[in-house]
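Working notes for the structure below.
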Amino acid sequence: MARAPIGRTLRRLRMERSLSQQALAGQLGISASYLNLIEHDQRKITASLLLRLAELLAVDLAALSGREERQLELGLREVFADALLGAEPVPEAEIAALAALPNAARAVLALYRAWRVSSEDASGIALPSGRRVLLPNEEARDAFHERGNHFPEIEAAAERVGSLLAAAPAEMNHAVAESLRRRHGVSVQVAALPEALRRYDPVTRSLTLSEQLPRESRGFNMAFQLMLLEAREVVEETIATIGPSSPEAASLIRIGLLNYAAGALIMPYGPFLEAARCLRHDVEMLAARFSVSFEQACHRLSTLQRPGLRGVPFFFLRVDPAGNVSKRFSAAGFPFARYGGSCPRWVVHSAMATPGLIRVQVAELPDGGRFLCFARTVSRMAASWAEPRPIHVVAMGCDLAHAEALVYADGLELERSAVGIGLSCRLCDRPNCRSRAFPPLDHRLALDPLTRGESPYHFEITKNPAGPPATFTRR
């Protein structure tokens, strides 16, 4: 399986610490020329040297995986492939070089997002301040993604509150309700609640939960309210370190952090990680043990990235039947396409055909990376008989190297059952794909009226990525 080179990541981390090659090489006990070869991916790195590097640079091994550069490369590749920019094709070598300069790469991505907002959203053009360069939901999503969906300060606050509850998982709902009553004078009631699922009245200090909420959702909403009262200061301090660009983005991040805190309270880090390992990450069994929903258990699994006590690095995705992504986190280094839909061959989309059943897939990306993925639909109660039930697919996955830790790998021939997927049709150059919706942006179409291929879009693989721009002209 192809692995991301470590050289660019090592060079970035060294430069961020203002270390010369000579200085770092001396601390490692190797020559500067050998370190230079490693940084240019011309020499492999030994396990012992890798551990020494992590120690000297004060990072964990996950930080040396090249995950950040890989995600930046993907974003840059999408930007430069946008035909509407009218730009000359950018060679892969130049994209990789730019991704190794993270501040410059993020500036390019920020400019592209600003251009998209100004070209797609008239209200964005009208703002006199010019600050709306990123939609609030995208900014909030990035805030969680860039931190690996792990917030140590929030975890510590949840553990402090949890120690006061001292409740077993099956008794957590009752313990949270009692804590709300005793410590904060908040009464909890379940009633009909038109156009809302939870409502808190600070004047009467009453929390009303909709009768439509299932038991696990009632428990989560009570935990949300308790952490809102107990951890407000920690949440605000965390928001201040993130520095959102607008009140709207700050509000979305605040709610996201409180949801994180509620999950950390009812699924404590240590016990949940231990149970996950014992049950081999059987999500339905985990959900039953902690009296939570399938989605809540999946979400918690994606946050177990405490240094020194890490769980399996998962990605997490929630998508609706129209393909809209409402949640997305990746501690696994899975390169989500930021602009445009994902691959229809991915198990995320086939899970819609089997409601309530877990679908499993070994997905192979164009760069050779392989991930064990699983997905299942989740649904909520409809507002009324005539309303459609809100349905989503929740999907998770991890690098195939962790497959043995998951029950979902049982019975699979991991090396032979891989399904080739792409990031999105416009960025994928897999030929003869029956599921292709439209052609790739950086290759020329080569259509023949005398032949019908498996794909409706036959194209030529561009030999020279720095050559003339690809155009979609029929031949």
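To be explicit about the labels: the chains of the structure tokens are called A, B, and onward in the order shown, and within each one the residues are counted from 1, while ligands get numbers from 1 in the order they are shown.
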Can you build me a table of region 326-382 of chain A residues sitting at most 12 Å from region 302-315 of chain A, with the closest atom pair per residue and its distance in Å to one decimal, using only C-alpha atoms, sorted by chain and residue number, as CSV?
residue,atom,partner,partner_atom,distance
A:Lys327,CA,A:Phe315,CA,10.5
A:Arg328,CA,A:Phe315,CA,7.6
A:Phe329,CA,A:Phe315,CA,5.5
A:Ser330,CA,A:Phe315,CA,3.9
A:Ala331,CA,A:Pro313,CA,5.0
A:Ala332,CA,A:Pro313,CA,4.7
A:Gly333,CA,A:Phe315,CA,7.5
A:Phe334,CA,A:Phe315,CA,6.6
A:Pro335,CA,A:Phe315,CA,9.6
A:Phe336,CA,A:Phe315,CA,9.5
A:Phe371,CA,A:Phe314,CA,9.7
A:Leu372,CA,A:Phe314,CA,9.7
A:Cys373,CA,A:Phe315,CA,9.1
A:Phe374,CA,A:Phe315,CA,10.6
A:Ala375,CA,A:Phe315,CA,11.5
Distance query Val176 (chain A) at most 12 Å, only C-alpha atoms, self and fewer than 2 positions along chain excluded, as a PyMOL selection string: chain A and resi 161-174+178-184+186-188+218-227+230+262+265-266
Given the selection you just returned, output its residues as a file containing N, CA, C and O atoms, formatted as a compact mmCIF listing (two decimals), in the first residue's frame.
# COMPACT_ATOMS: atom_id res chain seq x y z
N VAL A 161 -16.94 16.83 35.70
CA VAL A 161 -18.38 16.74 35.95
C VAL A 161 -18.78 15.28 36.14
O VAL A 161 -19.59 14.94 37.02
N GLY A 162 -18.20 14.38 35.33
CA GLY A 162 -18.53 12.96 35.44
C GLY A 162 -18.15 12.39 36.79
O GLY A 162 -18.83 11.50 37.33
N SER A 163 -17.04 12.88 37.38
CA SER A 163 -16.63 12.38 38.69
C SER A 163 -17.65 12.73 39.76
O SER A 163 -17.79 12.02 40.76
N LEU A 164 -18.37 13.82 39.57
CA LEU A 164 -19.41 14.20 40.53
C LEU A 164 -20.66 13.32 40.38
O LEU A 164 -21.38 13.08 41.35
N LEU A 165 -20.88 12.83 39.16
CA LEU A 165 -22.04 11.97 38.93
C LEU A 165 -21.80 10.56 39.44
O LEU A 165 -22.67 9.96 40.06
N ALA A 166 -20.61 10.03 39.15
CA ALA A 166 -20.23 8.67 39.58
C ALA A 166 -21.33 7.67 39.29
O ALA A 166 -21.78 6.91 40.15
N ALA A 167 -21.79 7.67 38.01
CA ALA A 167 -22.90 6.80 37.63
C ALA A 167 -22.46 5.79 36.59
O ALA A 167 -21.59 6.07 35.75
N ALA A 168 -23.05 4.61 36.65
CA ALA A 168 -22.84 3.60 35.61
C ALA A 168 -23.54 4.04 34.34
O ALA A 168 -24.49 4.85 34.39
N PRO A 169 -23.12 3.55 33.17
CA PRO A 169 -23.75 3.98 31.91
C PRO A 169 -25.26 3.84 31.91
O PRO A 169 -25.97 4.73 31.42
N ALA A 170 -25.78 2.74 32.46
CA ALA A 170 -27.22 2.53 32.44
C ALA A 170 -27.98 3.52 33.31
O ALA A 170 -29.18 3.72 33.14
N GLU A 171 -27.27 4.16 34.25
CA GLU A 171 -27.92 5.10 35.16
C GLU A 171 -27.58 6.55 34.84
O GLU A 171 -27.93 7.46 35.60
N MET A 172 -26.91 6.79 33.73
CA MET A 172 -26.40 8.13 33.43
C MET A 172 -27.53 9.15 33.25
O MET A 172 -27.44 10.28 33.73
N ASN A 173 -28.59 8.78 32.54
CA ASN A 173 -29.68 9.73 32.33
C ASN A 173 -30.24 10.24 33.65
O ASN A 173 -30.45 11.44 33.84
N HIS A 174 -30.49 9.33 34.57
CA HIS A 174 -31.03 9.71 35.87
C HIS A 174 -30.03 10.58 36.63
O HIS A 174 -30.42 11.58 37.26
N GLU A 178 -30.62 14.42 37.88
CA GLU A 178 -30.49 14.75 39.30
C GLU A 178 -29.46 15.85 39.52
O GLU A 178 -29.64 16.73 40.37
N SER A 179 -28.37 15.84 38.77
CA SER A 179 -27.35 16.87 38.88
C SER A 179 -27.89 18.22 38.44
O SER A 179 -27.61 19.26 39.05
N LEU A 180 -28.67 18.22 37.37
CA LEU A 180 -29.32 19.46 36.93
C LEU A 180 -30.21 20.02 38.03
O LEU A 180 -30.23 21.23 38.29
N ARG A 181 -30.95 19.15 38.70
CA ARG A 181 -31.88 19.58 39.74
C ARG A 181 -31.14 20.06 40.98
O ARG A 181 -31.42 21.15 41.50
N ARG A 182 -30.18 19.26 41.46
CA ARG A 182 -29.53 19.57 42.72
C ARG A 182 -28.55 20.74 42.59
O ARG A 182 -28.53 21.63 43.43
N ARG A 183 -27.71 20.71 41.57
CA ARG A 183 -26.64 21.70 41.46
C ARG A 183 -27.08 23.00 40.81
O ARG A 183 -26.49 24.05 41.06
N HIS A 184 -28.12 22.93 39.98
CA HIS A 184 -28.50 24.12 39.22
C HIS A 184 -29.97 24.48 39.35
O HIS A 184 -30.41 25.46 38.74
N VAL A 186 -32.50 23.08 38.05
CA VAL A 186 -33.18 22.94 36.76
C VAL A 186 -34.09 21.72 36.79
O VAL A 186 -33.64 20.60 37.11
N SER A 187 -35.34 21.93 36.49
CA SER A 187 -36.28 20.81 36.38
C SER A 187 -36.35 20.34 34.93
O SER A 187 -36.21 21.13 34.00
N VAL A 188 -36.54 19.04 34.75
CA VAL A 188 -36.59 18.44 33.41
C VAL A 188 -37.96 17.81 33.22
O VAL A 188 -38.45 17.09 34.10
N ARG A 218 -32.77 11.97 24.60
CA ARG A 218 -33.12 12.74 25.79
C ARG A 218 -31.91 12.83 26.73
O ARG A 218 -31.62 13.89 27.29
N GLY A 219 -31.23 11.71 26.90
CA GLY A 219 -30.04 11.72 27.75
C GLY A 219 -28.98 12.65 27.22
O GLY A 219 -28.35 13.40 27.99
N PHE A 220 -28.77 12.65 25.90
CA PHE A 220 -27.75 13.50 25.31
C PHE A 220 -28.11 14.97 25.49
O PHE A 220 -27.25 15.81 25.81
N ASN A 221 -29.38 15.32 25.31
CA ASN A 221 -29.80 16.72 25.45
C ASN A 221 -29.71 17.19 26.89
O ASN A 221 -29.40 18.36 27.15
N MET A 222 -29.97 16.32 27.84
CA MET A 222 -29.77 16.70 29.24
C MET A 222 -28.29 16.90 29.53
O MET A 222 -27.91 17.85 30.24
N ALA A 223 -27.44 16.04 28.97
CA ALA A 223 -26.00 16.20 29.15
C ALA A 223 -25.52 17.51 28.52
O ALA A 223 -24.65 18.19 29.06
N PHE A 224 -26.07 17.86 27.37
CA PHE A 224 -25.75 19.13 26.71
C PHE A 224 -26.05 20.30 27.65
O PHE A 224 -25.24 21.21 27.83
N GLN A 225 -27.23 20.27 28.26
CA GLN A 225 -27.63 21.36 29.15
C GLN A 225 -26.74 21.43 30.39
O GLN A 225 -26.34 22.51 30.83
N LEU A 226 -26.39 20.27 30.92
CA LEU A 226 -25.53 20.26 32.10
C LEU A 226 -24.15 20.82 31.78
O LEU A 226 -23.60 21.62 32.55
N MET A 227 -23.59 20.44 30.63
CA MET A 227 -22.27 20.95 30.26
C MET A 227 -22.33 22.43 29.89
O MET A 227 -21.36 23.16 30.07
N GLU A 230 -22.05 23.85 33.31
CA GLU A 230 -20.84 23.50 34.05
C GLU A 230 -19.55 23.89 33.33
O GLU A 230 -18.53 24.12 33.98
N ALA A 262 -21.01 17.01 25.79
CA ALA A 262 -22.08 16.10 26.20
C ALA A 262 -21.70 14.66 25.91
O ALA A 262 -21.90 13.76 26.74
N LEU A 265 -19.17 13.43 28.35
CA LEU A 265 -19.73 13.18 29.68
C LEU A 265 -20.39 11.81 29.76
O LEU A 265 -20.16 11.05 30.70
N ILE A 266 -21.23 11.49 28.79
CA ILE A 266 -21.98 10.23 28.87
C ILE A 266 -21.19 9.04 28.34
O ILE A 266 -21.56 7.89 28.57
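Rounded to one decimal, CA of Glu146 (chain A) and CA of Leu317 (chain A) lie 15.3 Å from each other.
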Enumerate, in order of chain and increasing residue number, the residues of region 282-352 of chain A with an atom no farther than 12 Å from region 385-392 of chain A, each with its shortest atom pair and distance in Å to one decimal, counting only C-alpha atoms, as JSON lines.
{"residue": "A:Phe294", "atom": "CA", "partner": "A:His392", "partner_atom": "CA", "distance": 11.8}
{"residue": "A:Glu295", "atom": "CA", "partner": "A:His392", "partner_atom": "CA", "distance": 9.9}
{"residue": "A:Leu317", "atom": "CA", "partner": "A:His392", "partner_atom": "CA", "distance": 9.9}
{"residue": "A:Arg318", "atom": "CA", "partner": "A:His392", "partner_atom": "CA", "distance": 6.4}
{"residue": "A:Val319", "atom": "CA", "partner": "A:His392", "partner_atom": "CA", "distance": 5.5}
{"residue": "A:Asp320", "atom": "CA", "partner": "A:His392", "partner_atom": "CA", "distance": 4.4}
{"residue": "A:Pro321", "atom": "CA", "partner": "A:His392", "partner_atom": "CA", "distance": 6.6}
{"residue": "A:Ala322", "atom": "CA", "partner": "A:His392", "partner_atom": "CA", "distance": 9.5}
{"residue": "A:Gly323", "atom": "CA", "partner": "A:His392", "partner_atom": "CA", "distance": 9.3}
{"residue": "A:Asn324", "atom": "CA", "partner": "A:His392", "partner_atom": "CA", "distance": 9.5}
{"residue": "A:Val325", "atom": "CA", "partner": "A:His392", "partner_atom": "CA", "distance": 9.4}
{"residue": "A:Ser326", "atom": "CA", "partner": "A:His392", "partner_atom": "CA", "distance": 9.3}
{"residue": "A:Lys327", "atom": "CA", "partner": "A:His392", "partner_atom": "CA", "distance": 10.6}
{"residue": "A:Val348", "atom": "CA", "partner": "A:His392", "partner_atom": "CA", "distance": 9.9}
{"residue": "A:His349", "atom": "CA", "partner": "A:His392", "partner_atom": "CA", "distance": 10.2}
{"residue": "A:Ala351", "atom": "CA", "partner": "A:His392", "partner_atom": "CA", "distance": 9.7}
{"residue": "A:Met352", "atom": "CA", "partner": "A:His392", "partner_atom": "CA", "distance": 8.3}
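Considering the residues A:Ala405, A:Ile421, A:Leu57, A:Ala143 and counting only C-alpha atoms, Ala276 (chain A) has its shortest atom-to-atom contact with A:Ala405.
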Atom pair CA of Gly270 (chain A) + CA of Pro214 (chain A), distance 26.1 Å
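One finds CA of Ala363 (chain A) at 17.5 Å from CA of Leu74 (chain A).
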